[in-house]
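Only one structure is covered here, and it is reproduced in the block below.
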Amino acid sequence: MQIYEGASPKNKPVRLICFYLPQFHPIPENDEWWGEGFTEWTNVRPALPQFEGHYQPRLPGELGYYNLLDPDVQARQVELAKLYGIEGFCFYFYWFGGKRLLEAPILNYLKNENLDLPFCLCWANENWSRRWDGLDSEILIAQSHSSADDIAFIAHVAEYMRDRRCIRIAGKPLLMVYRPSLLPDAKATAKRWRDWCRENGIGEIFLAYTQSFEAVSPTNYGFDAAIEFPPNNSSPPNITESVVPLQEDFGVTVYDWKVFVERSERYTNPGYEVFRSVCPSWDNTPRRRNFSTVFKNSDPALYRRWLENAINDTIAGHQDPSERLVFVNAWNEWAEGAHLEPDARHGYAYLQATRNALEAVAATMPKNGRLVLVSHDAYPHGAQFLTLNLARTLSKEFGVGVELVCLGEGPLKAEYAKWATVHDLAGVDPRGTQATALAERLRSSGIRAALVNTTVSGFFLETLSKAGFRCVSLIHELSGVLEQMNLIPQARAIAEFADRIVFPAEQVATSFRSKADYKDAKRIIRPQGLYKRRSPDADREVDRHELRKLLSLPQTRKSYSGLDMQIIARELIYLWRPD
């Protein structure tokens with residue numbers, strides 16, 4: 001398949017993260033253990049087919065037998081990943097009691113901000129052995145665990161977690177461990193890491209582990225989530241008897257890859273936080289030769305189906321977009337036959353299948369797009385009920401997907417959640433790191449517009465605007481309230497950063513301007529409506545007569561009643577549309 005001609009996909013339903021192997025450049029240790037100039041390609045090139053129809057050797061496509069120390073290679077990897085909808089790389093990180101191996105490509109990536117694809121680290125905390133299996137036979141370099149090493153490790157990787165490209169979940173930098181069961185006391189290690197990060201400016205971190213050898217609750221290790229890691233730890237059906245060997249010393253074990261697609265049709269909830277993963281194929285013949293493990297029957301169409309199922313399950317199981325992660329094993333595991341990078345046989349087919357899966361699921365999501373709605377808290381008062389009914393009307397009547405950011409506490413959050421995905425920023429600096437990370441995640445998910453209710457939310461409106469949102473502000477407060485509640489700084493942020501400011505009356509617009517001047521082009525006067533629907537049997541003229549009487553107004557005075565939320569929503573949708 002040829003390369004896709006077009007732009008990167010805009011509206012991605014999940015963040016797709018690919019595991020990434022950095023062992024495509026020489027290092028002195030590999031020279032000593034495996035021979036001068038050894039890289040992963042050394043094993044890939046001479047691989048031979050072990051049975052009829054066995055796809056070996058795997059020849060790289062566009063990128064060739066690259067060296068990851070070449071900056072142009074990493075730049076092209078980023079371009080390809082973005083073109084096909086991939087949101088980040090998860091770099092394997094090799095740390096052995098302070099000694100680091102294969103870090104040069106990751107350090108180069110960190111230093112080059114033009115490589116703008118997000119990333120995270122996965123500490124591959126196994127011993128290195130001559131068998132490439134993480135077991136303890138013929139150890140080449142061993143781990144050396146201690147409390148002091150825990151601190152040294154987290155202090156080093158903090159440089160990566162501080163980077164703006166670091167993948168975050170609920171504003172927390174993501175850090176992964178391949179096999180936490182190998183740590184002497186994983187809970188103690190996790191606590192040391194969390195304490196150090198709190199004390200050294202990182203803040204809270206999100207810890208996850210790969211289910212490569214175990215499938216237990218992450219709380220067993222003091223972690224936050226688990227990540228599936230197919231084909232490891234999966235008990236697939238053995239189909240070795242179905243193949244015809246080509247070698248007399250045939251010792252290959254062959255499994256049926258299709259089982260993963262079938263299982264994805266009926267995902268089950270394990271009862272703890274888990275991120276789904278997929279793999280395009282798997283075959284470690286380059287490393288194990290005639291005693292390899294091979295997964296047969298993979299193809300791009302079935303891979304796409306598996307990925308779509310994983311995406312849909314992720315959306316259903318995670319309300320917070322920052323938690324909607326799906327992992328791919330892998331971007332470039334050439335010696336394990338698990339790679340999205342183009343090869344000589346399939347070209348860009350697996351990358352195209354990846355993009356197709358993302359776009360197919362995105363097409364099933366709300367047809368009228370998504371927007372961010374902001375409430376300063378969730379207490380049962382007028383402005384908060386306005387937020388609730390805007391969420392209900394936009395979702396129910398207009399089919400708009402609503403991401404509702406709540407900046408404070410209150411009992412209406414449960415009601416908000418009936419009509420929107422709620423993001424809780426109570427107690428968080430609305431212009432701080434966590435709020436900024438949320439704004440950037442929402443923007444990267446394809447949302448472009450935000451409706452921000454009340455002056456109290458002005459600082460978060462500034463954060464949204466700086467993240468690239470077009471912001472509409474709903475203002476209700478008069479100048480006396482702005483002074484009394486110390487809201488003038490927030491009002492000035494709105495005056496500067498809002499694209500449109502909607503006032504319910506000229507008096508409110510004039511009063512607001514006395515404290516926070518704004519450009520005339522931003523001002524819109526609109527009645528902000530009643531969110532309780534009128535009975536169809538009501539007599540409007542009788543109601544108007546009674547209203548004028550109650551308010552001591554002349555019966556000739558024009559009045560408005562029954563302006564429902566549909567009218568307001570329709571007006572605001574018109575303002576938000578980027579076209």
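Residues are named by chain letter and number: chains run A, B, ... in the order of the structure tokens, numbers start at 1 in each chain, and ligands are numbered from 1 in the order shown.
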
I'd like the neighbourhood of segment 218-234 of chain A as a VMD selection string, where a residue qualifies if any of its atoms comes within 7 Å (using only C-alpha atoms), though same-chain residues fewer than 3 positions away should be ignored. chain A and resid 180 186 to 187 190 206 to 214 273 to 279

List the neighbours of segment 8-15 of chain A out to 9 Å using only C-alpha atoms; skip same-chain residues closer than 4 positions along the sequence, and give me the result as number ranges by chain. A: 82-88, 311-312, 314-315, 321-327, 355, 358-359, 361-362, 365, 444-447

Filtering to N, CA, C and O atoms, could you give me those residues as a compact mmCIF listing (two decimals), in the first residue's frame?
```
# COMPACT_ATOMS: atom_id res chain seq x y z
N LYS A 82 2.22 11.06 13.04
CA LYS A 82 1.16 12.07 13.05
C LYS A 82 0.24 11.93 11.84
O LYS A 82 -0.98 12.11 11.95
N LEU A 83 0.80 11.60 10.69
CA LEU A 83 -0.01 11.46 9.48
C LEU A 83 -1.07 10.39 9.66
O LEU A 83 -2.19 10.51 9.15
N TYR A 84 -0.74 9.34 10.39
CA TYR A 84 -1.67 8.22 10.53
C TYR A 84 -2.42 8.21 11.87
O TYR A 84 -3.04 7.22 12.22
N GLY A 85 -2.35 9.33 12.60
CA GLY A 85 -3.20 9.49 13.78
C GLY A 85 -2.61 9.05 15.10
O GLY A 85 -3.31 9.04 16.12
N ILE A 86 -1.33 8.69 15.13
CA ILE A 86 -0.70 8.26 16.37
C ILE A 86 -0.37 9.47 17.22
O ILE A 86 0.14 10.48 16.72
N GLU A 87 -0.65 9.37 18.53
CA GLU A 87 -0.54 10.53 19.43
C GLU A 87 0.72 10.54 20.26
O GLU A 87 0.99 11.51 20.95
N GLY A 88 1.50 9.45 20.24
CA GLY A 88 2.70 9.49 21.06
C GLY A 88 3.52 8.21 20.98
O GLY A 88 3.05 7.16 20.53
N ILE A 311 -10.72 0.75 20.74
CA ILE A 311 -11.08 2.16 20.84
C ILE A 311 -12.48 2.31 21.42
O ILE A 311 -12.72 3.12 22.33
N ASN A 312 -13.42 1.56 20.89
CA ASN A 312 -14.81 1.66 21.38
C ASN A 312 -14.91 1.27 22.85
O ASN A 312 -15.64 1.92 23.62
N THR A 314 -12.57 1.56 25.04
CA THR A 314 -11.92 2.63 25.80
C THR A 314 -12.84 3.82 25.99
O THR A 314 -12.92 4.40 27.08
N ILE A 315 -13.55 4.20 24.95
CA ILE A 315 -14.49 5.32 25.05
C ILE A 315 -15.59 5.00 26.05
O ILE A 315 -15.97 5.83 26.89
N PRO A 321 -11.31 12.25 28.72
CA PRO A 321 -10.52 12.05 27.51
C PRO A 321 -9.04 11.81 27.78
O PRO A 321 -8.38 11.12 27.00
N SER A 322 -8.52 12.35 28.88
CA SER A 322 -7.11 12.14 29.18
C SER A 322 -6.82 10.68 29.52
O SER A 322 -5.67 10.24 29.48
N GLU A 323 -7.86 9.91 29.89
CA GLU A 323 -7.69 8.49 30.20
C GLU A 323 -8.00 7.60 29.01
O GLU A 323 -7.89 6.37 29.11
N ARG A 324 -8.37 8.18 27.90
CA ARG A 324 -8.69 7.38 26.71
C ARG A 324 -7.43 7.11 25.90
O ARG A 324 -7.17 7.71 24.87
N LEU A 325 -6.62 6.19 26.43
CA LEU A 325 -5.38 5.78 25.79
C LEU A 325 -5.51 4.35 25.30
O LEU A 325 -6.07 3.50 25.98
N VAL A 326 -5.01 4.10 24.11
CA VAL A 326 -4.87 2.75 23.58
C VAL A 326 -3.42 2.59 23.13
O VAL A 326 -2.87 3.49 22.48
N PHE A 327 -2.80 1.47 23.48
CA PHE A 327 -1.39 1.24 23.17
C PHE A 327 -1.24 0.26 22.00
O PHE A 327 -2.08 -0.61 21.79
N ARG A 355 -5.10 4.48 10.93
CA ARG A 355 -5.85 5.70 10.67
C ARG A 355 -7.32 5.38 10.37
O ARG A 355 -8.22 6.08 10.85
N LEU A 358 -9.27 4.76 13.57
CA LEU A 358 -9.53 6.01 14.30
C LEU A 358 -10.66 6.80 13.64
O LEU A 358 -11.57 7.30 14.32
N GLU A 359 -10.61 6.91 12.34
CA GLU A 359 -11.62 7.70 11.63
C GLU A 359 -12.98 7.02 11.64
O GLU A 359 -14.02 7.69 11.71
N VAL A 361 -14.27 5.13 14.03
CA VAL A 361 -14.90 5.35 15.33
C VAL A 361 -15.29 6.82 15.49
O VAL A 361 -16.38 7.14 16.00
N ALA A 362 -14.43 7.72 15.05
CA ALA A 362 -14.75 9.15 15.15
C ALA A 362 -16.04 9.48 14.41
O ALA A 362 -16.82 10.33 14.84
N MET A 365 -19.24 9.19 16.45
CA MET A 365 -19.42 10.07 17.59
C MET A 365 -20.35 11.22 17.22
O MET A 365 -20.75 11.34 16.06
N SER A 444 -6.20 18.89 21.77
CA SER A 444 -5.59 17.87 20.91
C SER A 444 -6.61 16.81 20.51
O SER A 444 -6.40 16.09 19.53
N SER A 445 -7.70 16.69 21.26
CA SER A 445 -8.74 15.72 20.91
C SER A 445 -9.64 16.22 19.79
O SER A 445 -10.54 15.50 19.36
N GLY A 446 -9.40 17.45 19.34
CA GLY A 446 -10.15 17.97 18.19
C GLY A 446 -11.15 19.05 18.51
O GLY A 446 -11.76 19.62 17.61
N ILE A 447 -11.34 19.39 19.79
CA ILE A 447 -12.30 20.43 20.15
C ILE A 447 -11.67 21.80 19.91
O ILE A 447 -10.50 22.01 20.19
```

At a cut-off of 10 Å, can you tabulate as a tab-separated table every residue of segment 126-160 of chain A near segment 27-44 of chain A together with its closest atom pair and the distance in Å to one decimal, using only C-alpha atoms and ordering rows by chain then number?
```
residue	atom	partner	partner_atom	distance
A:Arg130	CA	A:Trp33	CA	8.5
A:Leu140	CA	A:Trp33	CA	7.6
A:Ile141	CA	A:Glu29	CA	9.5
```

Where does DSSP see strand (DSSP E) in segment 90-294 of chain A, if you list the residues as a PyMOL selection string? chain A and resi 90-96+99-101+119-123+128-129+139-141+168-169+172-177+206-211+225-228+253-256+274-275+277-278+293-294

Requested write-out: C-alpha atoms of the selected residues, as an mmCIF file, in the first residue's frame:
```cif
data_model
loop_
_atom_site.group_PDB
_atom_site.id
_atom_site.type_symbol
_atom_site.label_atom_id
_atom_site.label_comp_id
_atom_site.auth_asym_id
_atom_site.auth_seq_id
_atom_site.Cartn_x
_atom_site.Cartn_y
_atom_site.Cartn_z
ATOM 1 C CA CYS A 90 6.393 5.178 24.698
ATOM 2 C CA PHE A 91 10.178 4.858 24.807
ATOM 3 C CA TYR A 92 11.673 1.805 26.483
ATOM 4 C CA PHE A 93 14.089 3.132 29.100
ATOM 5 C CA TYR A 94 17.037 1.003 30.258
ATOM 6 C CA TRP A 95 18.355 1.732 33.759
ATOM 7 C CA PHE A 96 20.580 -0.653 35.720
ATOM 8 C CA LYS A 99 23.870 2.822 34.413
ATOM 9 C CA ARG A 100 21.795 3.758 31.376
ATOM 10 C CA LEU A 101 21.879 2.006 28.009
ATOM 11 C CA PHE A 119 6.072 10.744 24.686
ATOM 12 C CA CYS A 120 6.423 8.813 27.917
ATOM 13 C CA LEU A 121 8.933 6.338 29.349
ATOM 14 C CA CYS A 122 8.582 2.650 30.219
ATOM 15 C CA TRP A 123 11.339 1.394 32.476
ATOM 16 C CA TRP A 128 19.476 -8.337 30.151
ATOM 17 C CA SER A 129 20.193 -11.920 29.165
ATOM 18 C CA ILE A 139 22.846 -12.488 32.434
ATOM 19 C CA LEU A 140 24.649 -9.728 30.575
ATOM 20 C CA ILE A 141 23.742 -6.862 32.924
ATOM 21 C CA ARG A 168 -0.245 13.218 31.024
ATOM 22 C CA ILE A 169 -3.359 11.660 32.479
ATOM 23 C CA LYS A 172 -0.206 13.864 35.876
ATOM 24 C CA PRO A 173 2.944 12.797 33.967
ATOM 25 C CA LEU A 174 2.700 9.145 32.924
ATOM 26 C CA LEU A 175 5.521 6.815 34.011
ATOM 27 C CA MET A 176 5.450 3.095 33.241
ATOM 28 C CA VAL A 177 7.264 0.039 34.565
ATOM 29 C CA PHE A 206 0.424 8.526 37.124
ATOM 30 C CA LEU A 207 2.037 5.083 37.430
ATOM 31 C CA ALA A 208 1.135 2.196 35.130
ATOM 32 C CA TYR A 209 2.583 -1.229 34.435
ATOM 33 C CA THR A 210 2.490 -3.554 31.436
ATOM 34 C CA GLN A 211 0.753 -6.907 31.796
ATOM 35 C CA ALA A 225 -3.354 1.456 36.043
ATOM 36 C CA ALA A 226 -2.361 -1.620 34.075
ATOM 37 C CA ILE A 227 -1.667 -1.800 30.341
ATOM 38 C CA GLU A 228 -2.394 -4.872 28.260
ATOM 39 C CA THR A 253 5.988 -22.710 18.291
ATOM 40 C CA VAL A 254 3.167 -21.222 16.207
ATOM 41 C CA TYR A 255 0.081 -19.529 17.682
ATOM 42 C CA ASP A 256 -3.090 -18.174 16.082
ATOM 43 C CA VAL A 274 -6.685 -0.983 32.437
ATOM 44 C CA PHE A 275 -5.647 0.449 29.078
ATOM 45 C CA SER A 277 -3.423 -2.652 23.672
ATOM 46 C CA VAL A 278 -3.150 -4.196 20.218
ATOM 47 C CA THR A 293 7.611 -18.035 18.681
ATOM 48 C CA VAL A 294 5.449 -16.998 15.734
#
```

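Using only C-alpha atoms for every distance, the candidate list A:Ala363, A:Leu110, A:Leu16, A:Ala142 yields A:Leu110 as the residue closest to Arg164 of chain A.
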
Enumerate the residues of segment 186-434 of chain A with a DSSP assignment of alpha helix (DSSP H), computed from the backbone, and present them as a PyMOL selection string. chain A and resi 186-199+258-264+285-288+300-317+349-363+382-398+413-419+433-434

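Between atom CA of Ile501 of chain A and atom CA of Ile475 of chain A lies a distance of 7.0 Å.
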
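Distances from A:Ala437, A:Ile154, A:Lys549, A:Ser181 to Glu199 of chain A were compared using only C-alpha atoms, and the smallest one belongs to A:Ile154.
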
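Here atom CA of Ala420 of chain A stands at a distance of 16.6 Å from atom CA of Arg448 of chain A.
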
Please, what distance in Å, to one decimal, runs between atom CA of Leu388 of chain A and atom CA of Leu438 of chain A? 20.7 Å

With a distance cut-off of 10 Å and only C-alpha atoms, select the neighbouring residues of Thr189 of chain A, excluding the residue or stretch itself and same-chain residues fewer than 2 positions from it, and output the selection as an mmCIF file with N, CA and C atoms, in the first residue's frame.
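Final output, saved to result03.cif:
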```cif
data_model
loop_
_atom_site.group_PDB
_atom_site.id
_atom_site.type_symbol
_atom_site.label_atom_id
_atom_site.label_comp_id
_atom_site.auth_asym_id
_atom_site.auth_seq_id
_atom_site.Cartn_x
_atom_site.Cartn_y
_atom_site.Cartn_z
ATOM 1 N N HIS A 145 18.531 -3.089 42.694
ATOM 2 C CA HIS A 145 17.470 -2.324 43.345
ATOM 3 C C HIS A 145 17.830 -1.950 44.781
ATOM 4 N N SER A 146 17.447 -0.737 45.153
ATOM 5 C CA SER A 146 17.611 -0.257 46.524
ATOM 6 C C SER A 146 16.780 1.008 46.670
ATOM 7 N N SER A 147 16.571 1.449 47.904
ATOM 8 C CA SER A 147 15.825 2.693 48.110
ATOM 9 C C SER A 147 16.589 3.873 47.512
ATOM 10 N N ASP A 149 18.543 3.712 44.929
ATOM 11 C CA ASP A 149 18.395 3.630 43.476
ATOM 12 C C ASP A 149 17.025 4.133 43.036
ATOM 13 N N ASP A 150 16.003 3.880 43.846
ATOM 14 C CA ASP A 150 14.678 4.417 43.528
ATOM 15 C C ASP A 150 14.730 5.937 43.372
ATOM 16 N N ILE A 151 15.399 6.594 44.306
ATOM 17 C CA ILE A 151 15.474 8.062 44.272
ATOM 18 C C ILE A 151 16.333 8.524 43.098
ATOM 19 N N ILE A 154 14.161 8.201 39.848
ATOM 20 C CA ILE A 154 13.091 9.185 39.650
ATOM 21 C C ILE A 154 13.676 10.584 39.431
ATOM 22 N N PRO A 180 6.788 -4.587 37.410
ATOM 23 C CA PRO A 180 6.930 -4.152 38.809
ATOM 24 C C PRO A 180 7.085 -5.300 39.790
ATOM 25 N N LEU A 183 10.489 -5.724 41.330
ATOM 26 C CA LEU A 183 10.991 -4.805 42.348
ATOM 27 C C LEU A 183 10.879 -5.469 43.714
ATOM 28 N N PRO A 184 11.845 -5.250 44.607
ATOM 29 C CA PRO A 184 11.784 -5.883 45.932
ATOM 30 C C PRO A 184 10.508 -5.534 46.692
ATOM 31 N N ASP A 185 10.077 -4.279 46.596
ATOM 32 C CA ASP A 185 8.840 -3.825 47.246
ATOM 33 C C ASP A 185 8.266 -2.712 46.381
ATOM 34 N N ALA A 186 7.424 -3.092 45.423
ATOM 35 C CA ALA A 186 6.928 -2.122 44.441
ATOM 36 C C ALA A 186 6.154 -0.994 45.105
ATOM 37 N N LYS A 187 5.356 -1.311 46.133
ATOM 38 C CA LYS A 187 4.588 -0.260 46.812
ATOM 39 C C LYS A 187 5.511 0.768 47.464
ATOM 40 N N LYS A 191 5.775 4.728 46.428
ATOM 41 C CA LYS A 191 5.637 5.807 47.420
ATOM 42 C C LYS A 191 6.845 6.743 47.382
ATOM 43 N N ARG A 192 8.052 6.183 47.288
ATOM 44 C CA ARG A 192 9.245 7.039 47.215
ATOM 45 C C ARG A 192 9.172 7.951 45.997
ATOM 46 N N TRP A 193 8.772 7.384 44.865
ATOM 47 C CA TRP A 193 8.666 8.183 43.649
ATOM 48 C C TRP A 193 7.632 9.297 43.801
ATOM 49 N N ARG A 194 6.478 8.951 44.327
ATOM 50 C CA ARG A 194 5.420 9.960 44.467
ATOM 51 C C ARG A 194 5.848 11.068 45.432
ATOM 52 N N ASP A 195 6.443 10.670 46.558
ATOM 53 C CA ASP A 195 6.882 11.675 47.538
ATOM 54 C C ASP A 195 7.941 12.589 46.931
ATOM 55 N N TYR A 221 0.692 -3.014 43.424
ATOM 56 C CA TYR A 221 2.025 -2.409 43.337
ATOM 57 C C TYR A 221 2.031 -0.939 43.757
ATOM 58 N N GLY A 222 0.876 -0.418 44.187
ATOM 59 C CA GLY A 222 0.793 1.007 44.486
ATOM 60 C C GLY A 222 0.716 1.855 43.230
#
```

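Of the residues under consideration (A:Ala378, A:Val261, A:Leu80, A:Ala439), A:Val261 shows the shortest atom-to-atom contact distance to Pro236 of chain A when counting only C-alpha atoms.
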
Applying 6 Å and only C-alpha atoms, which residues near Glu336 of chain A remain after dropping the ones on its own chain fewer than 2 positions away? List them as a PyMOL selection string. chain A and resi 282-284+333-334+338

For C-alpha atoms, I'd like the residues from the last selection saved as a PDB file, in the first residue's frame.
```pdb
ATOM      1  CA  TRP A 282       4.516 -10.925  16.368  1.00  0.00           C
ATOM      2  CA  ASP A 283       7.448 -13.141  15.405  1.00  0.00           C
ATOM      3  CA  ASN A 284      10.801 -13.299  17.205  1.00  0.00           C
ATOM      4  CA  GLU A 333      10.015  -3.997  17.202  1.00  0.00           C
ATOM      5  CA  TRP A 334      11.499  -5.417  13.999  1.00  0.00           C
ATOM      6  CA  ALA A 338       5.748  -6.180  15.732  1.00  0.00           C
TER       7      ALA A 338
END
```

Output as JSON lines one row per residue of segment 345-434 of chain A within 12 Å of segment 57-73 of chain A: the closest atom pair and its distance in Å to one decimal place, counting only C-alpha atoms, sorted by chain and residue number ascending.
```
{"residue": "A:Arg345", "atom": "CA", "partner": "A:Leu59", "partner_atom": "CA", "distance": 7.7}
{"residue": "A:His346", "atom": "CA", "partner": "A:Gly61", "partner_atom": "CA", "distance": 8.8}
{"residue": "A:Gly347", "atom": "CA", "partner": "A:Gly61", "partner_atom": "CA", "distance": 6.4}
{"residue": "A:Tyr348", "atom": "CA", "partner": "A:Gly61", "partner_atom": "CA", "distance": 8.5}
{"residue": "A:Ala349", "atom": "CA", "partner": "A:Gly61", "partner_atom": "CA", "distance": 11.4}
```
